[in-house]
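Engineer: One structure, as structure tokens, below. Some questions next.
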Amino acid sequence: LFAGETDFLKGVVAMNGLPDADRAEVCFAGRSNVGKSSLINALTGRKALARASNTPGRTQEINFFTVGPDHYLVDLPGYGYANAPVAVVEKWQKLLKQYLSGRASLRRAFMLIDSRHGVKPVDEEIMKLLDTSAVTFQVVMTKADKVKEKDREPMLKQVRTALARHPAAYPEIILTSSEKGWGIGTLRSVI
Ligand code: GTP
Ligand code: MG
């Protein structure tokens, strides 16, 4: 899959701007700053394909990346970020929810969870939406390099407990660090 050319296709700000649902796609969802854009860069081996930044709320559109002729990777705006104007946040959130619940070609959503913070109430809200829409989701733990080895297992346990409540959850959790390249090969083969 990733041997094919990867390219930025377009940023979408409204449902009517989505490309035709004629290619299989996976998306990356998660709280603001969790590392969605960095993960896409690590997966594709392109340093600045998706714009990553230290400023939460960096990605404000649904960004489509082509992978070869038949697939898309989709970078979503983060949720749970309170520091932008309310009207703006509401607009992204609405778009995010419409996309997650109504995209025919979406094969799997990757739910990114920060290895330091675990599953938060805002994550639960999105997971419930995915349950309702019957979109299979799989958790990817990010920034594993920021957590001591002894703290990883308790964190995974918290996440597993949370996932048990969600029928749409795929049980296997992938631990990653975009910084160190950990788990990137595994995630690539899952995709
Ligand atoms: P929004 O677009 O604002 O929702 O953020 P995002 O989820 O796309 O996060 P982004 O990839 O922009 O990363 C946010 C910050 O976390 C950046 O400063 C990254 O360098 C940092 N970061 C991302 N992944 C890792 C990682 O694996 N390890 C470490 N140490 N830092 C990371
Ligand atoms: Mg981003």
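To be explicit about the labels: the chains of the structure tokens are called A, B, and onward in the order shown, and within each one the residues are counted from 1, while ligands get numbers from 1 in the order they are shown.
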What lies within 6 Å of range 29-31 of chain A using only C-alpha atoms, ignoring chain neighbours under 6 positions off, as a PyMOL selection string?
Structural biologist: chain A and resi 76+78-80+111-112
Engineer: Can you check which residues of range 32-101 of chain A DSSP gives as alpha helix (DSSP H) on the backbone and send them as a ChimeraX atom specification?
Structural biologist: /A:36-44,86-101
Engineer: Restricting it to N, CA and C atoms, dump the selection as a PDB file, in the first residue's frame.
Structural biologist:
ATOM      1  N   LYS A  36      -2.044  13.239  15.427  1.00  0.00           N
ATOM      2  CA  LYS A  36      -2.627  12.683  14.205  1.00  0.00           C
ATOM      3  C   LYS A  36      -1.781  13.002  12.974  1.00  0.00           C
ATOM      4  N   SER A  37      -1.452  14.266  12.820  1.00  0.00           N
ATOM      5  CA  SER A  37      -0.707  14.676  11.622  1.00  0.00           C
ATOM      6  C   SER A  37       0.703  14.077  11.645  1.00  0.00           C
ATOM      7  N   SER A  38       1.311  14.040  12.806  1.00  0.00           N
ATOM      8  CA  SER A  38       2.660  13.449  12.926  1.00  0.00           C
ATOM      9  C   SER A  38       2.635  11.971  12.558  1.00  0.00           C
ATOM     10  N   LEU A  39       1.559  11.285  12.945  1.00  0.00           N
ATOM     11  CA  LEU A  39       1.445   9.858  12.649  1.00  0.00           C
ATOM     12  C   LEU A  39       1.325   9.627  11.141  1.00  0.00           C
ATOM     13  N   ILE A  40       0.567  10.468  10.475  1.00  0.00           N
ATOM     14  CA  ILE A  40       0.431  10.345   9.015  1.00  0.00           C
ATOM     15  C   ILE A  40       1.784  10.570   8.345  1.00  0.00           C
ATOM     16  N   ASN A  41       2.519  11.530   8.851  1.00  0.00           N
ATOM     17  CA  ASN A  41       3.857  11.761   8.292  1.00  0.00           C
ATOM     18  C   ASN A  41       4.766  10.563   8.516  1.00  0.00           C
ATOM     19  N   ALA A  42       4.694   9.976   9.699  1.00  0.00           N
ATOM     20  CA  ALA A  42       5.537   8.809   9.999  1.00  0.00           C
ATOM     21  C   ALA A  42       5.133   7.616   9.118  1.00  0.00           C
ATOM     22  N   LEU A  43       3.833   7.426   8.947  1.00  0.00           N
ATOM     23  CA  LEU A  43       3.337   6.301   8.143  1.00  0.00           C
ATOM     24  C   LEU A  43       3.768   6.399   6.686  1.00  0.00           C
ATOM     25  N   THR A  44       3.723   7.619   6.174  1.00  0.00           N
ATOM     26  CA  THR A  44       4.007   7.795   4.759  1.00  0.00           C
ATOM     27  C   THR A  44       5.487   8.064   4.501  1.00  0.00           C
ATOM     28  N   VAL A  86     -15.714  29.891  19.763  1.00  0.00           N
ATOM     29  CA  VAL A  86     -16.746  28.859  19.885  1.00  0.00           C
ATOM     30  C   VAL A  86     -17.379  28.510  18.530  1.00  0.00           C
ATOM     31  N   ALA A  87     -17.676  29.539  17.739  1.00  0.00           N
ATOM     32  CA  ALA A  87     -18.345  29.304  16.453  1.00  0.00           C
ATOM     33  C   ALA A  87     -17.470  28.429  15.549  1.00  0.00           C
ATOM     34  N   VAL A  88     -16.167  28.669  15.587  1.00  0.00           N
ATOM     35  CA  VAL A  88     -15.227  27.919  14.753  1.00  0.00           C
ATOM     36  C   VAL A  88     -15.171  26.468  15.213  1.00  0.00           C
ATOM     37  N   VAL A  89     -15.037  26.271  16.525  1.00  0.00           N
ATOM     38  CA  VAL A  89     -14.971  24.920  17.080  1.00  0.00           C
ATOM     39  C   VAL A  89     -16.237  24.147  16.723  1.00  0.00           C
ATOM     40  N   GLU A  90     -17.370  24.804  16.875  1.00  0.00           N
ATOM     41  CA  GLU A  90     -18.635  24.124  16.577  1.00  0.00           C
ATOM     42  C   GLU A  90     -18.734  23.699  15.120  1.00  0.00           C
ATOM     43  N   LYS A  91     -18.208  24.520  14.249  1.00  0.00           N
ATOM     44  CA  LYS A  91     -18.242  24.207  12.811  1.00  0.00           C
ATOM     45  C   LYS A  91     -17.399  22.955  12.513  1.00  0.00           C
ATOM     46  N   TRP A  92     -16.170  22.871  13.086  1.00  0.00           N
ATOM     47  CA  TRP A  92     -15.329  21.677  12.844  1.00  0.00           C
ATOM     48  C   TRP A  92     -15.982  20.450  13.429  1.00  0.00           C
ATOM     49  N   GLN A  93     -16.530  20.620  14.650  1.00  0.00           N
ATOM     50  CA  GLN A  93     -17.070  19.454  15.341  1.00  0.00           C
ATOM     51  C   GLN A  93     -18.247  18.864  14.578  1.00  0.00           C
ATOM     52  N   LYS A  94     -19.037  19.767  14.015  1.00  0.00           N
ATOM     53  CA  LYS A  94     -20.202  19.328  13.246  1.00  0.00           C
ATOM     54  C   LYS A  94     -19.731  18.558  12.014  1.00  0.00           C
ATOM     55  N   LEU A  95     -18.747  19.108  11.352  1.00  0.00           N
ATOM     56  CA  LEU A  95     -18.199  18.466  10.153  1.00  0.00           C
ATOM     57  C   LEU A  95     -17.598  17.105  10.499  1.00  0.00           C
ATOM     58  N   LEU A  96     -16.840  17.083  11.587  1.00  0.00           N
ATOM     59  CA  LEU A  96     -16.199  15.842  12.047  1.00  0.00           C
ATOM     60  C   LEU A  96     -17.253  14.760  12.294  1.00  0.00           C
ATOM     61  N   LYS A  97     -18.314  15.134  12.982  1.00  0.00           N
ATOM     62  CA  LYS A  97     -19.361  14.165  13.310  1.00  0.00           C
ATOM     63  C   LYS A  97     -20.112  13.713  12.057  1.00  0.00           C
ATOM     64  N   GLN A  98     -20.368  14.642  11.163  1.00  0.00           N
ATOM     65  CA  GLN A  98     -21.044  14.268   9.910  1.00  0.00           C
ATOM     66  C   GLN A  98     -20.170  13.293   9.126  1.00  0.00           C
ATOM     67  N   TYR A  99     -18.892  13.591   9.061  1.00  0.00           N
ATOM     68  CA  TYR A  99     -17.970  12.716   8.325  1.00  0.00           C
ATOM     69  C   TYR A  99     -17.915  11.324   8.963  1.00  0.00           C
ATOM     70  N   LEU A 100     -17.732  11.272  10.267  1.00  0.00           N
ATOM     71  CA  LEU A 100     -17.569   9.981  10.945  1.00  0.00           C
ATOM     72  C   LEU A 100     -18.832   9.129  10.884  1.00  0.00           C
ATOM     73  N   SER A 101     -19.973   9.762  10.808  1.00  0.00           N
ATOM     74  CA  SER A 101     -21.202   8.965  10.820  1.00  0.00           C
ATOM     75  C   SER A 101     -21.774   8.716   9.430  1.00  0.00           C
TER      76      SER A 101
END
Engineer: Can you pull out every residue with an atom within 6 Å of ligand 1? Use only C-alpha atoms and all ligand atoms and format it as a PyMOL selection string.
Structural biologist: chain A and resi 32-38+52-54+56-59+77-78+142-143+145-146+177-179
Engineer: So how far away is CA of Ile191 in chain A from CA of Arg108 in chain A, in Å?
Structural biologist: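 Calculated distance between CA of Arg108 in chain A and CA of Ile191 in chain A is 8.6 Å.
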Engineer: Excluding Phe110 in chain A and any residue of its chain fewer than 6 positions from it, enumerate the residues within 12 Å of it, using only C-alpha atoms, and give them as a VMD selection string.
Structural biologist: chain A and resid 25 to 30 35 to 36 39 to 40 73 to 76 100 123 126 to 127 130 135 to 142 168 to 170 172 to 174 187 to 188 190 to 191
Engineer: Hey, can you spit out that residue selection with N, CA and C atoms as an mmCIF file, in the first residue's frame?
Structural biologist:
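So the final result, stored in again_22.cif, reads:
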data_model
loop_
_atom_site.group_PDB
_atom_site.id
_atom_site.type_symbol
_atom_site.label_atom_id
_atom_site.label_comp_id
_atom_site.auth_asym_id
_atom_site.auth_seq_id
_atom_site.Cartn_x
_atom_site.Cartn_y
_atom_site.Cartn_z
ATOM 1 N N GLU A 25 -10.938 4.146 2.421
ATOM 2 C CA GLU A 25 -10.161 5.107 3.202
ATOM 3 C C GLU A 25 -10.185 4.762 4.691
ATOM 4 N N VAL A 26 -9.140 5.218 5.375
ATOM 5 C CA VAL A 26 -9.096 5.138 6.833
ATOM 6 C C VAL A 26 -8.829 6.547 7.332
ATOM 7 N N CYS A 27 -9.320 6.848 8.540
ATOM 8 C CA CYS A 27 -9.118 8.194 9.062
ATOM 9 C C CYS A 27 -8.441 8.146 10.426
ATOM 10 N N PHE A 28 -7.914 9.280 10.817
ATOM 11 C CA PHE A 28 -7.219 9.417 12.094
ATOM 12 C C PHE A 28 -7.933 10.482 12.914
ATOM 13 N N ALA A 29 -8.556 10.026 14.005
ATOM 14 C CA ALA A 29 -9.329 10.923 14.851
ATOM 15 C C ALA A 29 -8.667 10.983 16.218
ATOM 16 N N GLY A 30 -8.884 12.064 16.924
ATOM 17 C CA GLY A 30 -8.339 12.160 18.269
ATOM 18 C C GLY A 30 -8.341 13.583 18.769
ATOM 19 N N GLY A 35 -1.405 13.947 18.092
ATOM 20 C CA GLY A 35 -0.352 13.463 17.183
ATOM 21 C C GLY A 35 -0.857 12.833 15.890
ATOM 22 N N LYS A 36 -2.044 13.239 15.427
ATOM 23 C CA LYS A 36 -2.627 12.683 14.205
ATOM 24 C C LYS A 36 -1.781 13.002 12.974
ATOM 25 N N LEU A 39 1.559 11.285 12.945
ATOM 26 C CA LEU A 39 1.445 9.858 12.649
ATOM 27 C C LEU A 39 1.325 9.627 11.141
ATOM 28 N N ILE A 40 0.567 10.468 10.475
ATOM 29 C CA ILE A 40 0.431 10.345 9.015
ATOM 30 C C ILE A 40 1.784 10.570 8.345
ATOM 31 N N LEU A 73 -5.867 8.321 2.903
ATOM 32 C CA LEU A 73 -5.688 8.503 4.347
ATOM 33 C C LEU A 73 -6.337 9.840 4.666
ATOM 34 N N VAL A 74 -7.026 9.920 5.797
ATOM 35 C CA VAL A 74 -7.764 11.135 6.112
ATOM 36 C C VAL A 74 -7.358 11.671 7.485
ATOM 37 N N ASP A 75 -6.846 12.889 7.491
ATOM 38 C CA ASP A 75 -6.412 13.564 8.725
ATOM 39 C C ASP A 75 -7.559 14.469 9.183
ATOM 40 N N LEU A 76 -8.047 14.245 10.392
ATOM 41 C CA LEU A 76 -9.208 14.996 10.873
ATOM 42 C C LEU A 76 -8.799 16.129 11.802
ATOM 43 N N LEU A 100 -17.732 11.272 10.267
ATOM 44 C CA LEU A 100 -17.569 9.981 10.945
ATOM 45 C C LEU A 100 -18.832 9.129 10.884
ATOM 46 N N ASP A 123 -13.242 11.599 24.211
ATOM 47 C CA ASP A 123 -12.976 10.416 23.379
ATOM 48 C C ASP A 123 -14.165 9.465 23.432
ATOM 49 N N ILE A 126 -16.896 10.456 21.044
ATOM 50 C CA ILE A 126 -16.640 10.078 19.644
ATOM 51 C C ILE A 126 -16.804 8.562 19.469
ATOM 52 N N MET A 127 -16.342 7.785 20.442
ATOM 53 C CA MET A 127 -16.472 6.327 20.346
ATOM 54 C C MET A 127 -17.945 5.913 20.307
ATOM 55 N N LEU A 130 -19.245 6.438 16.900
ATOM 56 C CA LEU A 130 -18.785 5.377 15.999
ATOM 57 C C LEU A 130 -19.563 4.080 16.232
ATOM 58 N N VAL A 135 -19.151 2.145 12.688
ATOM 59 C CA VAL A 135 -17.835 2.304 12.064
ATOM 60 C C VAL A 135 -16.810 1.644 12.995
ATOM 61 N N THR A 136 -16.152 0.599 12.519
ATOM 62 C CA THR A 136 -15.138 -0.068 13.336
ATOM 63 C C THR A 136 -14.007 0.908 13.645
ATOM 64 N N PHE A 137 -13.620 0.949 14.909
ATOM 65 C CA PHE A 137 -12.472 1.800 15.233
ATOM 66 C C PHE A 137 -11.415 1.023 16.004
ATOM 67 N N GLN A 138 -10.188 1.452 15.829
ATOM 68 C CA GLN A 138 -9.071 0.803 16.505
ATOM 69 C C GLN A 138 -8.237 1.875 17.193
ATOM 70 N N VAL A 139 -7.870 1.610 18.429
ATOM 71 C CA VAL A 139 -7.097 2.596 19.188
ATOM 72 C C VAL A 139 -5.612 2.505 18.856
ATOM 73 N N VAL A 140 -5.041 3.679 18.621
ATOM 74 C CA VAL A 140 -3.599 3.812 18.449
ATOM 75 C C VAL A 140 -3.105 4.716 19.569
ATOM 76 N N MET A 141 -2.264 4.191 20.429
ATOM 77 C CA MET A 141 -1.667 5.010 21.483
ATOM 78 C C MET A 141 -0.517 5.800 20.855
ATOM 79 N N THR A 142 -0.490 7.112 21.121
ATOM 80 C CA THR A 142 0.574 7.951 20.546
ATOM 81 C C THR A 142 1.577 8.384 21.624
ATOM 82 N N ALA A 168 -18.238 -1.170 18.667
ATOM 83 C CA ALA A 168 -17.531 -0.942 17.400
ATOM 84 C C ALA A 168 -16.013 -1.002 17.550
ATOM 85 N N ALA A 169 -15.537 -1.182 18.791
ATOM 86 C CA ALA A 169 -14.082 -1.169 19.017
ATOM 87 C C ALA A 169 -13.435 -2.476 18.566
ATOM 88 N N TYR A 170 -12.335 -2.364 17.883
ATOM 89 C CA TYR A 170 -11.508 -3.505 17.536
ATOM 90 C C TYR A 170 -10.577 -3.698 18.730
ATOM 91 N N GLU A 172 -7.646 -4.965 19.470
ATOM 92 C CA GLU A 172 -6.180 -4.842 19.502
ATOM 93 C C GLU A 172 -5.743 -3.371 19.506
ATOM 94 N N ILE A 173 -4.878 -3.027 20.454
ATOM 95 C CA ILE A 173 -4.387 -1.654 20.591
ATOM 96 C C ILE A 173 -2.961 -1.579 20.034
ATOM 97 N N ILE A 174 -2.691 -0.523 19.290
ATOM 98 C CA ILE A 174 -1.341 -0.374 18.722
ATOM 99 C C ILE A 174 -0.611 0.767 19.435
ATOM 100 N N LEU A 187 1.272 -0.603 12.321
ATOM 101 C CA LEU A 187 0.092 0.143 11.892
ATOM 102 C C LEU A 187 -0.034 0.132 10.368
ATOM 103 N N ARG A 188 1.094 0.268 9.709
ATOM 104 C CA ARG A 188 1.094 0.243 8.250
ATOM 105 C C ARG A 188 0.532 -1.084 7.745
ATOM 106 N N VAL A 190 -1.477 -3.113 9.347
ATOM 107 C CA VAL A 190 -2.905 -3.175 9.683
ATOM 108 C C VAL A 190 -3.727 -2.429 8.616
ATOM 109 N N ILE A 191 -3.247 -1.275 8.220
ATOM 110 C CA ILE A 191 -3.952 -0.487 7.193
ATOM 111 C C ILE A 191 -3.957 -1.247 5.877
#
Engineer: Nearest to Arg160 in chain A among A:Gly118, A:Gly102, A:Pro19, A:Gly45, with distances taken over only C-alpha atoms: which residue is it?
Structural biologist: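 Once distances to Arg160 in chain A are computed over only C-alpha atoms, the minimum belongs to A:Gly118.
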